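Asks: Contents are mmCIF, C-alpha atoms; file name run11.cif:
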data_structure
loop_
_atom_site.label_atom_id
_atom_site.label_comp_id
_atom_site.auth_asym_id
_atom_site.auth_seq_id
_atom_site.Cartn_x
_atom_site.Cartn_y
_atom_site.Cartn_z
CA MET A 1 96.18 107.64 87.04
CA GLN A 2 95.58 105.07 89.79
CA VAL A 3 94.87 105.58 93.45
CA SER A 4 95.79 102.93 95.97
CA GLU A 5 93.12 101.52 98.26
CA GLN A 6 93.28 102.26 101.97
CA ASP A 7 96.45 100.77 103.41
CA ALA A 8 95.46 98.06 105.88
CA SER A 9 98.82 98.23 107.65
CA HIS A 10 98.96 101.96 108.34
CA GLY A 11 95.34 103.09 107.93
CA ALA A 12 96.41 105.70 105.42
CA ARG A 13 95.36 106.40 101.91
CA ILE A 14 98.27 107.18 99.63
CA SER A 15 97.95 109.70 96.86
CA ARG A 16 99.77 109.97 93.59
CA LEU A 17 101.53 113.23 92.81
CA ARG A 18 102.41 113.70 89.18
CA TRP A 19 104.24 116.60 87.59
CA VAL A 20 103.34 117.23 83.95
CA HIS A 21 106.38 119.10 82.71
CA ALA A 22 105.18 119.73 79.19
CA THR A 23 102.13 121.75 80.24
CA GLY A 24 103.35 123.17 83.53
CA ARG A 25 100.36 121.65 85.29
CA ARG A 26 100.29 119.46 88.36
CA ALA A 27 97.77 116.68 88.90
CA GLU A 28 97.25 115.93 92.57
CA ILE A 29 95.01 113.45 94.32
CA ARG A 30 94.27 114.62 97.84
CA GLU A 31 93.41 112.10 100.53
CA PRO A 32 92.32 112.19 104.16
CA GLU A 33 94.92 112.15 106.90
CA THR A 34 95.51 109.25 109.28
CA ALA A 35 93.86 109.78 112.66
CA THR A 36 92.02 107.35 114.92
CA ASN A 37 88.24 107.64 114.66
CA THR A 38 88.44 110.48 112.15
CA PRO A 39 85.91 110.16 109.32
CA GLN A 40 87.57 109.82 105.95
CA PRO A 41 85.96 111.67 103.02
CA GLU A 42 86.15 110.49 99.45
CA VAL A 43 89.38 110.86 97.52
CA GLU A 44 89.12 113.66 95.02
CA VAL A 45 91.16 114.65 91.99
CA GLN A 46 92.14 118.25 91.52
CA GLU A 47 93.93 119.87 88.60
CA ILE A 48 96.04 122.84 89.65
CA GLY A 49 97.24 125.18 86.95
CA LEU A 50 100.50 126.76 88.02
CA GLU A 51 99.61 129.85 85.98
CA GLU A 52 96.59 130.43 88.23
CA GLU A 53 96.65 132.57 91.37
CA MET A 54 97.53 129.73 93.70
CA ARG A 55 98.81 130.79 97.13
CA VAL A 56 100.75 128.73 99.67
CA VAL A 57 100.98 129.20 103.44
CA ILE A 58 103.24 127.38 105.88
CA VAL A 59 102.10 126.32 109.35
CA GLY A 60 105.11 126.44 111.64
CA ALA A 61 107.78 129.14 111.51
CA GLY A 62 110.53 127.15 113.21
CA GLY A 63 113.27 125.01 111.73
CA PHE A 64 110.98 122.72 109.71
CA GLY A 65 109.08 125.73 108.45
CA ARG A 66 112.29 127.30 107.20
CA VAL A 67 113.19 124.05 105.42
CA ALA A 68 109.74 123.93 103.81
CA LEU A 69 110.13 127.54 102.68
CA ASP A 70 113.55 126.80 101.21
CA VAL A 71 112.11 123.88 99.23
CA LEU A 72 109.30 126.09 97.92
CA LEU A 73 111.73 128.85 96.93
CA SER A 74 114.02 126.37 95.20
CA GLY A 75 111.01 125.08 93.28
CA GLY A 76 110.16 128.53 91.94
CA PHE A 77 107.20 129.30 94.22
CA ALA A 78 108.57 132.49 95.79
CA GLU A 79 105.76 134.64 94.39
CA ARG A 80 103.08 132.26 95.67
CA VAL A 81 104.11 132.06 99.34
CA LEU A 82 101.92 134.28 101.54
CA GLY A 83 103.78 133.64 104.79
CA PHE A 84 103.69 131.64 108.01
CA TYR A 85 101.17 130.82 110.73
CA ASP A 86 102.44 129.67 114.11
CA ASP A 87 100.75 129.46 117.53
CA ALA A 88 103.93 130.93 119.05
CA HIS A 89 103.87 133.89 116.66
CA ALA A 90 104.00 136.45 119.47
CA ALA A 91 107.44 135.18 120.51
CA LEU A 92 108.81 134.97 116.97
CA SER A 93 110.37 137.45 114.62
CA ALA A 94 107.87 139.30 112.48
CA ARG A 95 109.43 137.88 109.31
CA VAL A 96 111.26 134.74 108.22
CA ARG A 97 113.51 135.30 105.19
CA GLY A 98 111.32 138.24 104.29
CA TYR A 99 107.99 136.42 104.61
CA PRO A 100 105.58 137.58 107.34
CA VAL A 101 104.49 135.56 110.34
CA LEU A 102 100.77 136.27 109.98
CA GLY A 103 99.29 134.84 113.18
CA ASP A 104 98.26 131.58 114.81
CA VAL A 105 96.45 128.55 113.41
CA GLU A 106 93.04 129.91 114.45
CA MET A 107 93.73 132.98 112.34
CA LEU A 108 94.62 130.71 109.43
CA LYS A 109 91.31 128.89 109.83
CA SER A 110 89.49 132.20 109.63
CA MET A 111 91.49 133.20 106.57
CA LEU A 112 90.75 129.93 104.79
CA SER A 113 87.02 130.51 105.24
CA ILE A 114 87.22 133.54 102.96
CA GLU A 115 90.40 133.10 100.92
CA PRO A 116 91.58 129.74 99.50
CA ALA A 117 95.21 128.76 99.95
CA HIS A 118 97.28 125.61 99.84
CA VAL A 119 98.92 124.64 103.11
CA VAL A 120 102.19 122.99 104.09
CA VAL A 121 102.04 121.92 107.73
CA ALA A 122 105.67 122.14 108.86
CA ILE A 123 105.46 121.08 112.50
CA THR A 124 108.23 118.74 113.62
CA ASP A 125 106.12 116.67 116.02
CA ASN A 126 104.40 114.03 113.88
CA ALA A 127 101.20 113.68 115.90
CA ALA A 128 100.76 117.44 116.16
CA ARG A 129 101.36 117.82 112.44
CA LEU A 130 98.61 115.34 111.60
CA GLN A 131 96.27 116.84 114.18
CA VAL A 132 96.59 120.31 112.67
CA ALA A 133 96.27 118.93 109.15
CA ASN A 134 93.08 117.09 110.07
CA ALA A 135 91.59 120.22 111.61
CA LEU A 136 92.38 122.23 108.48
CA ARG A 137 91.04 119.52 106.20
CA ARG A 138 87.71 119.50 108.02
CA LEU A 139 87.46 123.18 107.11
CA GLY A 140 88.13 122.42 103.46
CA GLY A 141 91.87 123.09 103.59
CA GLN A 142 94.00 121.94 100.68
CA PHE A 143 97.58 120.76 101.01
CA PHE A 144 100.63 121.37 98.87
CA THR A 145 103.41 118.83 98.43
CA ALA A 146 106.77 120.59 98.36
CA VAL A 147 109.40 118.70 96.38
CA HIS A 148 112.90 120.13 96.00
CA PRO A 149 114.13 120.23 92.38
CA LEU A 150 117.10 118.07 93.42
CA ALA A 151 114.85 115.35 94.87
CA TYR A 152 113.89 112.37 92.72
CA VAL A 153 110.41 110.83 92.75
CA SER A 154 109.78 108.00 90.32
CA ASN A 155 106.75 108.33 88.07
CA ALA A 156 105.77 104.91 89.42
CA ALA A 157 105.86 106.07 93.06
CA THR A 158 103.08 107.66 95.12
CA VAL A 159 103.49 110.61 97.47
CA GLY A 160 100.71 111.97 99.68
CA GLY A 161 99.53 115.54 100.00
CA GLY A 162 101.35 117.95 102.30
CA CYS A 163 104.72 116.15 102.22
CA VAL A 164 108.06 117.94 102.14
CA LEU A 165 110.88 116.27 100.19
CA ALA A 166 114.27 117.87 100.74
CA ALA A 167 117.17 118.11 98.29
CA GLY A 168 118.58 114.69 97.51
CA ALA A 169 115.55 112.74 98.73
CA VAL A 170 114.76 109.70 96.57
CA VAL A 171 111.50 107.77 96.23
CA HIS A 172 111.93 104.72 94.02
CA PRO A 173 109.38 102.93 91.79
CA ASP A 174 106.27 101.46 93.43
CA ALA A 175 107.12 103.01 96.78
CA ALA A 176 104.32 104.80 98.65
CA VAL A 177 104.80 107.75 101.01
CA GLY A 178 101.77 108.82 103.04
CA SER A 179 100.47 112.34 103.54
CA HIS A 180 102.34 114.97 105.60
CA CYS A 181 105.66 113.12 105.72
CA PHE A 182 109.11 114.66 105.72
CA VAL A 183 111.78 112.94 103.62
CA GLY A 184 115.11 114.51 104.48
CA PRO A 185 118.22 115.23 102.43
CA GLY A 186 119.84 112.08 101.07
CA ALA A 187 117.06 109.84 102.42
CA VAL A 188 115.88 106.95 100.25
CA VAL A 189 112.51 105.20 100.18
CA ASP A 190 113.32 102.14 98.10
CA ARG A 191 111.11 100.17 95.73
CA ASP A 192 107.87 98.67 97.05
CA ALA A 193 108.33 100.29 100.48
CA GLU A 194 105.33 101.78 102.29
CA VAL A 195 105.65 104.77 104.59
CA GLY A 196 102.57 105.75 106.59
CA ALA A 197 101.14 109.23 107.11
CA GLY A 198 103.05 111.72 109.21
CA VAL A 199 106.37 109.86 109.25
CA TRP A 200 109.66 111.70 109.72
CA VAL A 201 112.42 110.21 107.53
CA SER A 202 115.62 111.92 108.64
CA ALA A 203 118.65 112.83 106.56
CA GLY A 204 120.52 109.84 105.17
CA CYS A 205 117.89 107.32 106.25
CA VAL A 206 117.20 104.32 104.00
CA VAL A 207 113.86 102.52 103.94
CA GLY A 208 114.65 99.23 102.21
CA PRO A 209 112.75 97.40 99.48
CA GLY A 210 109.32 96.24 100.59
CA ALA A 211 109.72 97.67 104.10
CA GLN A 212 106.68 99.01 105.95
CA VAL A 213 106.84 102.01 108.27
CA GLY A 214 103.79 102.80 110.39
CA ALA A 215 102.18 106.23 110.67
CA ARG A 216 103.91 108.88 112.82
CA ALA A 217 107.15 106.89 113.14
CA VAL A 218 110.46 108.75 113.43
CA LEU A 219 113.47 107.36 111.56
CA GLY A 220 116.63 108.96 112.91
CA PRO A 221 119.56 110.30 110.88
CA ASN A 222 121.38 107.62 108.86
CA SER A 223 119.17 104.87 110.26
CA SER A 224 118.02 102.06 108.01
CA VAL A 225 115.04 99.76 107.73
CA GLY A 226 115.94 96.48 106.08
CA ARG A 227 114.27 94.70 103.21
CA LYS A 228 110.65 93.80 104.12
CA ALA A 229 111.21 94.88 107.73
CA GLN A 230 108.36 96.51 109.64
CA ILE A 231 108.27 99.53 111.94
CA ASP A 232 105.12 99.96 114.03
CA ALA A 233 103.16 103.21 114.16
CA GLY A 234 104.66 105.87 116.39
CA VAL A 235 107.97 104.07 116.94
CA GLU A 236 111.18 106.11 117.06
CA VAL A 237 114.28 104.54 115.51
CA GLU A 238 117.51 106.07 116.78
CA GLY A 239 120.07 107.52 114.43
CA LEU A 240 122.52 105.04 112.86
CA ARG A 241 120.42 102.08 113.99
CA HIS A 242 119.54 99.28 111.56
CA VAL A 243 116.19 97.48 111.88
CA GLY A 244 116.10 94.13 110.09
CA ARG A 245 113.27 91.83 109.21
CA GLU A 246 112.18 89.70 112.16
CA GLY A 247 113.40 86.15 111.77
CA ALA A 248 115.67 87.02 108.84
#
Show how you would write the structure in this file as structure tokens.

Replies:
Amino acid sequence: MQVSEQDASHGARISRLRWVHATGRRAEIREPETATNTPQPEVEVQEIGLEEEMRVVIVGAGGFGRVALDVLLSGGFAERVLGFYDDAHAALSARVRGYPVLGDVEMLKSMLSIEPAHVVVAITDNAARLQVANALRRLGGQFFTAVHPLAYVSNAATVGGGCVLAAGAVVHPDAAVGSHCFVGPGAVVDRDAEVGAGVWVSAGCVVGPGAQVGARAVLGPNSSVGRKAQIDAGVEVEGLRHVGREGA
């Protein structure tokens, strides 16, 4: 298994996520998140046996959190989900689809100090999502990549830790998706494309061959990024808009 070097364009390390169907084991390479002036620890390889007592928690009990839960349930992880943590827990229902809202992020940090769990940070705001992920990582937090059974990820693609890939999402060969991204239903990351950490790829969006999308960018519904086009970090592309390569 190969790990890409740090991406000079987006400042993100990309990890490879590989499902080993024959043994029911998942090999995951976890990498540091993208954040300015944040120290980046060494990449480490971790073997997770799905027969072990692995537990998953979701940060964010809003719309994105419910999507993340649905992806986990569809993937057969119903027995492994502990519940949700959300800073607005006092104003929320006590349960979401039967799973408890357990407290705020500070309570999760305390829990992780005594009980290991894998985390999916399901906060819609990209910068906030990476900020929370970085804080949890500094405490030794581990991240789970939730991939819907109806999504397709090429064995030759790389997907970072903590991503959520909805039903119908497609990641083609030699594409790289950074950590803590959302790839929505029907969205396509085409061959050789690079998507930085914390990017939101909305439903129906197409990232064309060889395109580069900077960290924390937002690609609106049914938008498209043309072949070898570039989107800078933090840029929001409106729905239905096409961004072509400059000078093409």

Asks: With 12 Å as the threshold, what does the neighbourhood of (111.8, 125.4, 97.4) contain in terms of residues, counting all atoms listed in the file? Coordinates are those of the file; answer as a PyMOL selection string.

Replies: chain A and resi 56+65-81+120+144-151+164-167

Asks: Please tell me which residues are no farther than 9 Å from (114.5, 104.1, 102.5) in the file, counting all atoms listed in the file, and write them as a VMD selection string.

Replies: chain A and resid 170 to 172 187 to 191 193 201 204 to 209 211 224 to 226

Asks: Do you have the CA of Met111 in chain A-CA of Arg137 in chain A distance handy?

Replies: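 It comes out at 13.7 Å.
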
Asks: Could you check which of A:Val96, A:Ala215, A:Leu240, A:Ala229 is closest to Ala127 in chain A, using only C-alpha atoms?

Replies: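 Comparing A:Val96, A:Ala215, A:Leu240, A:Ala229 against Ala127 in chain A, the winner is A:Ala215.
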
Asks: Any chance you could resolve the PyMOL selection byres ((chain A and resi 238) around 12) against this file and give the residues as an mmCIF file with C-alpha atoms, keeping the file's coordinate frame?

Replies:
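Writing the result to part-v8.cif gives the following:
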data_model
loop_
_atom_site.group_PDB
_atom_site.id
_atom_site.type_symbol
_atom_site.label_atom_id
_atom_site.label_comp_id
_atom_site.auth_asym_id
_atom_site.auth_seq_id
_atom_site.Cartn_x
_atom_site.Cartn_y
_atom_site.Cartn_z
ATOM 1 C CA TRP A 200 109.660 111.700 109.720
ATOM 2 C CA VAL A 201 112.420 110.210 107.530
ATOM 3 C CA SER A 202 115.620 111.920 108.640
ATOM 4 C CA CYS A 205 117.890 107.320 106.250
ATOM 5 C CA ALA A 217 107.150 106.890 113.140
ATOM 6 C CA VAL A 218 110.460 108.750 113.430
ATOM 7 C CA LEU A 219 113.470 107.360 111.560
ATOM 8 C CA GLY A 220 116.630 108.960 112.910
ATOM 9 C CA PRO A 221 119.560 110.300 110.880
ATOM 10 C CA ASN A 222 121.380 107.620 108.860
ATOM 11 C CA SER A 223 119.170 104.870 110.260
ATOM 12 C CA SER A 224 118.020 102.060 108.010
ATOM 13 C CA VAL A 225 115.040 99.760 107.730
ATOM 14 C CA VAL A 235 107.970 104.070 116.940
ATOM 15 C CA GLU A 236 111.180 106.110 117.060
ATOM 16 C CA VAL A 237 114.280 104.540 115.510
ATOM 17 C CA GLY A 239 120.070 107.520 114.430
ATOM 18 C CA LEU A 240 122.520 105.040 112.860
ATOM 19 C CA ARG A 241 120.420 102.080 113.990
ATOM 20 C CA HIS A 242 119.540 99.280 111.560
ATOM 21 C CA VAL A 243 116.190 97.480 111.880
#

Asks: Within 9 Å of Gly60 in chain A, counting all atoms listed in the file, which residues qualify if same-chain residues fewer than 4 places away don't, as a PyMOL selection string?

Replies: chain A and resi 64-66+84-88+120-124

Asks: Would you work out the distance separating CA of Ala175 in chain A from CA of Ile231 in chain A, expressed in Å to one decimal?

Replies: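 These two atoms are separated by 15.6 Å.
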
Asks: Excluding range 100-105 of chain A and any residue of its chain fewer than 2 positions from it, enumerate the residues within 10 Å of it, using all atoms listed in the file, and give them as a PyMOL selection string.

Replies: chain A and resi 57-61+81-90+92-98+107-111+132+135-136

Asks: Take CA of Cys163 in chain A and CA of Ala233 in chain A and report the distance between them in Å, one decimal.

Replies: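 Value for the CA of Cys163 in chain A-CA of Ala233 in chain A distance: 17.7 Å.
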
Asks: If the PyMOL selection byres ((chain A and resi 245) around 7) were run on this exact file, what residues would it hold? Put them as number ranges by chain.

Replies: A: 226-230, 243-244, 246-248

Asks: Please list as number ranges by chain every residue within 7 Å of Val195 in chain A, counting all atoms listed in the file and excluding residues in the same chain fewer than 4 positions away.

Replies: A: 176-178, 199, 212-214
